[in-house]
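**Student:** This is query_27.pdb (PDB, C-alpha atoms, pLDDT in the B column).
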ATOM      1  CA  MET A 372      72.220 109.235 116.343  1.00 55.00           C
ATOM      2  CA  SER A 373      72.371 105.987 114.393  1.00 62.00           C
ATOM      3  CA  ASP A 374      74.171 102.904 115.638  1.00 67.00           C
ATOM      4  CA  GLN A 375      76.835 103.430 112.974  1.00 62.00           C
ATOM      5  CA  ASP A 376      77.377 107.052 114.011  1.00 62.00           C
ATOM      6  CA  TYR A 377      77.562 106.022 117.647  1.00 58.00           C
ATOM      7  CA  GLU A 378      80.083 103.261 116.926  1.00 63.00           C
ATOM      8  CA  GLN A 379      82.166 105.613 114.786  1.00 60.00           C
ATOM      9  CA  GLU A 380      82.195 108.250 117.515  1.00 65.00           C
ATOM     10  CA  ARG A 381      82.938 105.628 120.187  1.00 63.00           C
ATOM     11  CA  GLN A 382      85.981 104.478 118.235  1.00 64.00           C
ATOM     12  CA  GLY A 383      87.099 108.073 117.951  1.00 62.00           C
ATOM     13  CA  GLY A 384      87.544 108.347 114.240  1.00 52.00           C
ATOM     14  CA  GLU A 385      86.219 108.334 110.765  1.00 52.00           C
ATOM     15  CA  ALA A 386      84.886 105.156 109.202  1.00 50.00           C
ATOM     16  CA  ASP A 387      86.846 105.886 106.007  1.00 54.00           C
ATOM     17  CA  ALA A 388      90.228 106.694 107.519  1.00 56.00           C
ATOM     18  CA  GLY A 389      92.022 105.292 104.466  1.00 58.00           C
ATOM     19  CA  PRO A 390      94.476 102.457 104.183  1.00 60.00           C
ATOM     20  CA  PRO A 391      96.675 101.633 107.158  1.00 62.00           C
ATOM     21  CA  ALA A 392     100.201 102.978 107.145  1.00 64.00           C
ATOM     22  CA  THR A 393     102.723 100.639 105.564  1.00 69.00           C
ATOM     23  CA  ASP A 394     105.678  99.300 107.478  1.00 66.00           C
ATOM     24  CA  PRO A 395     109.003 101.014 106.812  1.00 70.00           C
ATOM     25  CA  PRO A 396     111.180  99.149 104.336  1.00 72.00           C
ATOM     26  CA  ASP A 397     113.445  96.599 105.924  1.00 85.00           C
ATOM     27  CA  ASP A 398     117.235  96.630 105.641  1.00 88.00           C
ATOM     28  CA  MET A 399     117.284  94.080 102.803  1.00 89.00           C
ATOM     29  CA  SER A 400     114.799  96.097 100.731  1.00 92.00           C
ATOM     30  CA  ILE A 401     116.939  99.191 101.138  1.00 92.00           C
ATOM     31  CA  LYS A 402     120.091  97.333 100.092  1.00 93.00           C
ATOM     32  CA  ILE A 403     118.367  95.880  97.030  1.00 94.00           C
ATOM     33  CA  ALA A 404     117.212  99.349  95.981  1.00 95.00           C
ATOM     34  CA  GLN A 405     120.733 100.716  96.447  1.00 96.00           C
ATOM     35  CA  LEU A 406     122.221  97.844  94.422  1.00 96.00           C
ATOM     36  CA  LYS A 407     119.752  98.544  91.611  1.00 97.00           C
ATOM     37  CA  LYS A 408     120.777 102.207  91.642  1.00 97.00           C
ATOM     38  CA  LEU A 409     124.473 101.267  91.519  1.00 97.00           C
ATOM     39  CA  THR A 410     123.741  98.932  88.591  1.00 97.00           C
ATOM     40  CA  GLU A 411     121.952 101.741  86.745  1.00 97.00           C
ATOM     41  CA  LEU A 412     124.845 104.124  87.337  1.00 97.00           C
ATOM     42  CA  LYS A 413     127.301 101.547  86.016  1.00 97.00           C
ATOM     43  CA  ALA A 414     125.129 100.909  82.943  1.00 97.00           C
ATOM     44  CA  GLN A 415     125.009 104.668  82.278  1.00 97.00           C
ATOM     45  CA  GLY A 416     128.786 104.866  82.475  1.00 97.00           C
ATOM     46  CA  VAL A 417     128.762 107.007  85.606  1.00 96.00           C
ATOM     47  CA  LEU A 418     130.637 104.325  87.577  1.00 96.00           C
ATOM     48  CA  THR A 419     133.535 102.253  86.336  1.00 97.00           C
ATOM     49  CA  ASP A 420     133.521  98.523  87.016  1.00 97.00           C
ATOM     50  CA  ALA A 421     136.075  99.014  89.796  1.00 97.00           C
ATOM     51  CA  GLU A 422     133.981 101.777  91.407  1.00 97.00           C
ATOM     52  CA  PHE A 423     130.862  99.649  91.104  1.00 97.00           C
ATOM     53  CA  GLN A 424     132.561  96.658  92.735  1.00 97.00           C
ATOM     54  CA  ALA A 425     133.940  98.817  95.571  1.00 97.00           C
ATOM     55  CA  GLU A 426     130.563 100.424  96.283  1.00 96.00           C
ATOM     56  CA  LYS A 427     128.792  97.072  96.092  1.00 95.00           C
ATOM     57  CA  ARG A 428     131.279  95.559  98.537  1.00 96.00           C
ATOM     58  CA  LYS A 429     130.800  98.442 100.995  1.00 95.00           C
ATOM     59  CA  LEU A 430     127.032  98.151 100.725  1.00 92.00           C
ATOM     60  CA  LEU A 431     126.963  94.407 101.293  1.00 89.00           C
ATOM     61  CA  GLU A 432     129.388  94.587 104.222  1.00 91.00           C
ATOM     62  CA  SER A 433     127.338  97.231 106.036  1.00 86.00           C
TER      63      SER A 433
END
As structure tokens - that is how I would like this structure written.
**Tutor:**
Amino acid sequence: MSDQDYEQERQGGEADAGPPATDPPDDMSIKIAQLKKLTELKAQGVLTDAEFQAEKRKLLES
């Protein structure tokens, strides 16, 4: 058994385990994504300006 194999086995895993898991998005990142979606819906005509403003207000107050 080579030193590398021994070290890999000692650490209990593969040497090429892939990238580490990313942190979950924080609250601000989620709100920004939701605001972008609301903006897209308004631009597409799905939301009126009043609906957009109401949803934006609710989102920012939460």
**Student:** May I ask for the distance between atom CA of Arg428 of chain A and atom CA of Gln415 of chain A, given in Å to one decimal place?
**Tutor:**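 These atoms are spaced 19.7 Å apart.
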**Student:** How many Å separate atom CA of Pro396 of chain A from atom CA of Glu411 of chain A?
**Tutor:**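 About the pair atom CA of Pro396 of chain A and atom CA of Glu411 of chain A: they are 20.8 Å apart.
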**Student:** The PyMOL selection byres ((chain A and resi 399-409) around 10) on the file shown: which residues, as a PyMOL selection string?
**Tutor:** chain A and resi 395-398+410-415+417-418+422-424+426-427+430-431+433
**Student:** For the residues in the current selection, export C-alpha atoms as a JSON list (two decimals), keeping the file's coordinate frame.
**Tutor:**
[["chain", "number", "residue", "atom", "x", "y", "z"],
["A", 395, "PRO", "CA", 109.00, 101.01, 106.81],
["A", 396, "PRO", "CA", 111.18, 99.15, 104.34],
["A", 397, "ASP", "CA", 113.44, 96.60, 105.92],
["A", 398, "ASP", "CA", 117.24, 96.63, 105.64],
["A", 410, "THR", "CA", 123.74, 98.93, 88.59],
["A", 411, "GLU", "CA", 121.95, 101.74, 86.74],
["A", 412, "LEU", "CA", 124.84, 104.12, 87.34],
["A", 413, "LYS", "CA", 127.30, 101.55, 86.02],
["A", 414, "ALA", "CA", 125.13, 100.91, 82.94],
["A", 415, "GLN", "CA", 125.01, 104.67, 82.28],
["A", 417, "VAL", "CA", 128.76, 107.01, 85.61],
["A", 418, "LEU", "CA", 130.64, 104.32, 87.58],
["A", 422, "GLU", "CA", 133.98, 101.78, 91.41],
["A", 423, "PHE", "CA", 130.86, 99.65, 91.10],
["A", 424, "GLN", "CA", 132.56, 96.66, 92.74],
["A", 426, "GLU", "CA", 130.56, 100.42, 96.28],
["A", 427, "LYS", "CA", 128.79, 97.07, 96.09],
["A", 430, "LEU", "CA", 127.03, 98.15, 100.72],
["A", 431, "LEU", "CA", 126.96, 94.41, 101.29],
["A", 433, "SER", "CA", 127.34, 97.23, 106.04]]
